[in-house]
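Student: My questions will all concern the structure given below.
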Amino acid sequence: MASATHPQAHPRAGANMAVMAWTVGEVMRTEVAAVAADETVLMAWELLERTGAAYLPVLLPDGRCSGLLDRCEVAVACSAPAVVLSAQDVGTLLSGRRRPVVRPEESLRRAAVAMTDNNCEALPVLGSAGRLVGLLTASDIVAALVRYPASASGNAEATAIGPSTLTPGLRPRRDDRVNPVP
C-alpha cells in the first residue's frame, strides 16, 4: 500500500516516460504559417486571423528563423493607430528577446524542459543553418502523451518553410467568427 510520503506510481507512468523520449520531429507540426521579418504588423495579424494560428514564426530574408510571435503579442501591438501599424514591421516586435529553439532530433523531454524554464508554450523547430522546419507546441506534447497525433503531417523529414504572404488563394476567414446580420 502506498504511503503519503511514497505514493504508488501510476500504472501508465512508464508509457508517458517513453513518450517523452520521442523526438521533437515525431511530434512537431510541419504545416506552419510564417511571416517575413520585414512584413507589417497588420500583415502578421491578417495572417494569424486567416489561418487561425496561435503562433507565427518570423523569418529573415535568408530563411533563418529570427523568433516566434504569439497571437496575444500581435493583438497588443495592433492596439496602436493604423498609421503606426502600417509602418511598423514584425521584426521590431522581437527586438531585445530570444526564445529557445529545438532541433527535430532532440527529445520531447528536453523541449518540455525548455518550455517550462522559459515560460513559453511553443518553440520553433530549426533544421540546418537555422531554417524553420516546424513548430512544437505544448498541445502537441499533450497530444503525444495521450497518443493522439495533433498534426497528421508531423514528421522529421520536413522541408524548409518559407515566409507566407497573403494571396488571393488564401482561404477566407472561418464562418464561425462572423455574426450574420438578421
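In the C-alpha cells, the first chain shown is A, the next is B, and so on; residue numbers restart at 1 for each chain, and ligands run from 1 in the order shown.
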Would you give me, as a Markdown table, each residue of region 49-114 of chain A having an atom within 6 Å of an atom of region 31-38 of chain A, along with its shortest atom pair and that distance in Å to one decimal, using only C-alpha atoms and sorting by chain and residue number?

Tutor:
| residue | atom | partner | partner_atom | distance |
| --- | --- | --- | --- | --- |
| A:Leu56 | CA | A:Ala34 | CA | 5.4 |
| A:Pro57 | CA | A:Ala34 | CA | 4.9 |
| A:Val58 | CA | A:Val35 | CA | 5.1 |
| A:Leu59 | CA | A:Ala36 | CA | 4.8 |
| A:Leu60 | CA | A:Ala37 | CA | 5.5 |
| A:Asp89 | CA | A:Asp38 | CA | 5.3 |
| A:Val90 | CA | A:Ala37 | CA | 5.2 |
| A:Gly91 | CA | A:Ala37 | CA | 4.6 |

Student: Report as JSON lines the residues of region 67-97 of chain A within 12 Å of region 132-140 of chain A, each with its shortest atom pair and distance in Å (one decimal), using only C-alpha atoms, ordered by chain and increasing residue number.

Tutor:
{"residue": "A:Gly67", "atom": "CA", "partner": "A:Leu132", "partner_atom": "CA", "distance": 10.0}
{"residue": "A:Leu68", "atom": "CA", "partner": "A:Leu135", "partner_atom": "CA", "distance": 9.6}
{"residue": "A:Leu69", "atom": "CA", "partner": "A:Leu135", "partner_atom": "CA", "distance": 11.9}
{"residue": "A:Asp70", "atom": "CA", "partner": "A:Thr137", "partner_atom": "CA", "distance": 11.3}

Student: Could you write out that same residue set with all heavy atoms as a compact mmCIF listing (two decimals), in the first residue's frame?

Tutor:
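Dumped to again_25.txt:
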# COMPACT_ATOMS: atom_id res chain seq x y z
N GLY A 67 12.61 34.39 -34.67
CA GLY A 67 11.82 34.37 -33.45
C GLY A 67 10.42 33.87 -33.69
O GLY A 67 10.07 33.43 -34.79
N LEU A 68 9.62 33.97 -32.64
CA LEU A 68 8.26 33.47 -32.67
C LEU A 68 7.36 34.47 -31.96
O LEU A 68 7.65 34.91 -30.86
CB LEU A 68 8.21 32.12 -31.95
CG LEU A 68 6.90 31.36 -31.95
CD1 LEU A 68 6.56 30.89 -33.35
CD2 LEU A 68 7.00 30.16 -31.02
N LEU A 69 6.29 34.83 -32.63
CA LEU A 69 5.28 35.72 -32.03
C LEU A 69 4.06 34.90 -31.69
O LEU A 69 3.72 33.95 -32.40
CB LEU A 69 4.87 36.82 -33.01
CG LEU A 69 5.94 37.83 -33.40
CD1 LEU A 69 5.41 38.73 -34.50
CD2 LEU A 69 6.36 38.64 -32.20
N ASP A 70 3.38 35.28 -30.63
CA ASP A 70 2.10 34.63 -30.37
C ASP A 70 0.97 35.62 -30.64
O ASP A 70 1.19 36.82 -30.74
CB ASP A 70 2.03 33.99 -28.98
CG ASP A 70 2.05 34.98 -27.83
OD1 ASP A 70 1.46 36.06 -27.95
OD2 ASP A 70 2.64 34.65 -26.80

Student: Rounded to one decimal, what separation in Å do you get between CA of Arg103 (chain A) and CA of Thr116 (chain A)?

Tutor: 16.9 Å

Student: CA of Val27 (chain A) and CA of Ala111 (chain A) are how many Å apart?

Tutor: 11.1 Å

Student: Give the alpha helix (DSSP H) residues of region 52-155 of chain A, as DSSP finds them on the backbone, and put them as a list in words.

Tutor: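 Alpha helix (DSSP H) members of region 52-155 of chain A, listed: Arg71, Cys72, Glu73, Val74, Ala75, Val76, Ala77, Ala82, Val83, Val84, Leu85, Leu108, Arg109, Arg110, Ala111, Ala112, Val113, Ala114, Met115, Thr116, Asp117, Ala138, Ser139, Asp140, Ile141, Val142, Ala143, Ala144 and Leu145 of chain A.
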
Student: Please produce an output containing N, CA and C atoms for each residue in the selection, written as a short mmCIF file (atom, residue, chain, number, x, y, z; two decimals), in the first residue's frame.

Tutor:
data_model
loop_
_atom_site.label_atom_id
_atom_site.label_comp_id
_atom_site.auth_asym_id
_atom_site.auth_seq_id
_atom_site.Cartn_x
_atom_site.Cartn_y
_atom_site.Cartn_z
N ARG A 71 -0.20 35.08 -30.77
CA ARG A 71 -1.37 35.88 -31.13
C ARG A 71 -1.57 37.06 -30.18
N CYS A 72 -1.36 36.85 -28.89
CA CYS A 72 -1.56 37.93 -27.91
C CYS A 72 -0.59 39.09 -28.15
N GLU A 73 0.66 38.77 -28.44
CA GLU A 73 1.65 39.83 -28.69
C GLU A 73 1.26 40.68 -29.89
N VAL A 74 0.82 40.01 -30.94
CA VAL A 74 0.42 40.75 -32.15
C VAL A 74 -0.85 41.55 -31.87
N ALA A 75 -1.79 40.99 -31.12
CA ALA A 75 -3.02 41.71 -30.78
C ALA A 75 -2.72 42.98 -29.99
N VAL A 76 -1.81 42.88 -29.03
CA VAL A 76 -1.44 44.06 -28.23
C VAL A 76 -0.79 45.11 -29.13
N ALA A 77 0.08 44.67 -30.02
CA ALA A 77 0.73 45.61 -30.94
C ALA A 77 -0.29 46.28 -31.85
N ALA A 82 -3.67 52.73 -36.82
CA ALA A 82 -3.37 52.04 -38.09
C ALA A 82 -2.21 52.68 -38.83
N VAL A 83 -2.07 53.97 -38.75
CA VAL A 83 -0.97 54.63 -39.47
C VAL A 83 0.38 54.18 -38.89
N VAL A 84 0.44 53.92 -37.60
CA VAL A 84 1.67 53.43 -36.98
C VAL A 84 1.90 51.97 -37.39
N LEU A 85 0.84 51.18 -37.37
CA LEU A 85 0.95 49.76 -37.70
C LEU A 85 1.40 49.53 -39.13
N LEU A 108 11.45 15.04 -26.65
CA LEU A 108 10.32 15.83 -26.14
C LEU A 108 10.59 16.30 -24.72
N ARG A 109 11.28 15.48 -23.95
CA ARG A 109 11.61 15.86 -22.58
C ARG A 109 12.42 17.16 -22.59
N ARG A 110 13.45 17.25 -23.43
CA ARG A 110 14.28 18.45 -23.49
C ARG A 110 13.44 19.65 -23.93
N ALA A 111 12.55 19.45 -24.89
CA ALA A 111 11.69 20.54 -25.36
C ALA A 111 10.75 20.99 -24.24
N ALA A 112 10.17 20.04 -23.51
CA ALA A 112 9.26 20.39 -22.42
C ALA A 112 9.99 21.15 -21.32
N VAL A 113 11.22 20.76 -21.03
CA VAL A 113 12.02 21.48 -20.03
C VAL A 113 12.30 22.91 -20.51
N ALA A 114 12.65 23.05 -21.79
CA ALA A 114 12.91 24.39 -22.34
C ALA A 114 11.66 25.26 -22.26
N MET A 115 10.49 24.69 -22.55
CA MET A 115 9.24 25.44 -22.46
C MET A 115 8.98 25.87 -21.01
N THR A 116 9.17 24.95 -20.08
CA THR A 116 8.93 25.24 -18.67
C THR A 116 9.90 26.28 -18.15
N ASP A 117 11.18 26.10 -18.43
CA ASP A 117 12.20 27.04 -17.94
C ASP A 117 12.03 28.44 -18.49
N ALA A 138 2.88 23.14 -26.72
CA ALA A 138 2.53 22.35 -25.54
C ALA A 138 1.38 21.40 -25.88
N SER A 139 0.48 21.84 -26.74
CA SER A 139 -0.64 20.98 -27.16
C SER A 139 -0.14 19.75 -27.90
N ASP A 140 0.91 19.90 -28.69
CA ASP A 140 1.47 18.75 -29.40
C ASP A 140 2.04 17.73 -28.42
N ILE A 141 2.68 18.22 -27.36
CA ILE A 141 3.24 17.32 -26.35
C ILE A 141 2.13 16.60 -25.59
N VAL A 142 1.10 17.32 -25.22
CA VAL A 142 -0.04 16.70 -24.52
C VAL A 142 -0.69 15.66 -25.42
N ALA A 143 -0.85 15.99 -26.70
CA ALA A 143 -1.44 15.02 -27.64
C ALA A 143 -0.58 13.77 -27.74
N ALA A 144 0.73 13.93 -27.74
CA ALA A 144 1.63 12.77 -27.79
C ALA A 144 1.49 11.93 -26.53
N LEU A 145 1.32 12.58 -25.40
CA LEU A 145 1.18 11.85 -24.13
C LEU A 145 -0.07 10.99 -24.10
#

Student: Can you work out which one of A:Pro124, A:Pro100, A:Pro81, A:Gly52 has the shortest atom-to-atom distance to Thr30 (chain A), counting only C-alpha atoms?

Tutor: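 Result for the nearest residue to Thr30 (chain A): A:Pro124.
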
Student: Just how far from CA of Trp45 (chain A) is CA of Ser79 (chain A), in Å to one decimal?

Tutor: 11.3 Å

Student: Just the strand (DSSP E) stuff from region 37-167 of chain A, please, per backbone DSSP, written as a PyMOL selection string.

Tutor: chain A and resi 55-59+65-70+122-126+132-137

Student: Just checking: using only C-alpha atoms, which residue out of A:Val19, A:Ala122, A:Leu94, A:Val101 ends up closest to Ala53 (chain A)?

Tutor: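 Between A:Val19, A:Ala122, A:Leu94, A:Val101, the residue approaching Ala53 (chain A) most closely is A:Ala122.
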
Student: Excluding Ser86 (chain A) and its own-chain neighbours fewer than 6 positions away, which residues fall within 8 Å of it when counting only C-alpha atoms? Please give them as a VMD selection string.

Tutor: chain A and resid 40 to 42

Student: Neighbouring residues of Glu105 (chain A) were defined as those with any atom within 10 Å, considering only C-alpha atoms; residues of the same chain fewer than 4 positions away were excluded. Please report them as a compact mmCIF listing (two decimals) with C-alpha atoms, in the first residue's frame.

Tutor:
# COMPACT_ATOMS: atom_id res chain seq x y z
CA TRP A 22 10.30 10.56 -28.60
CA THR A 23 11.97 13.13 -30.80
CA VAL A 24 10.57 16.57 -31.49
CA GLY A 25 10.48 15.60 -35.19
CA GLU A 26 8.00 12.83 -34.44
CA VAL A 125 11.96 23.76 -34.62
CA GLY A 127 16.94 22.40 -39.06
CA ALA A 156 11.19 14.62 -39.07
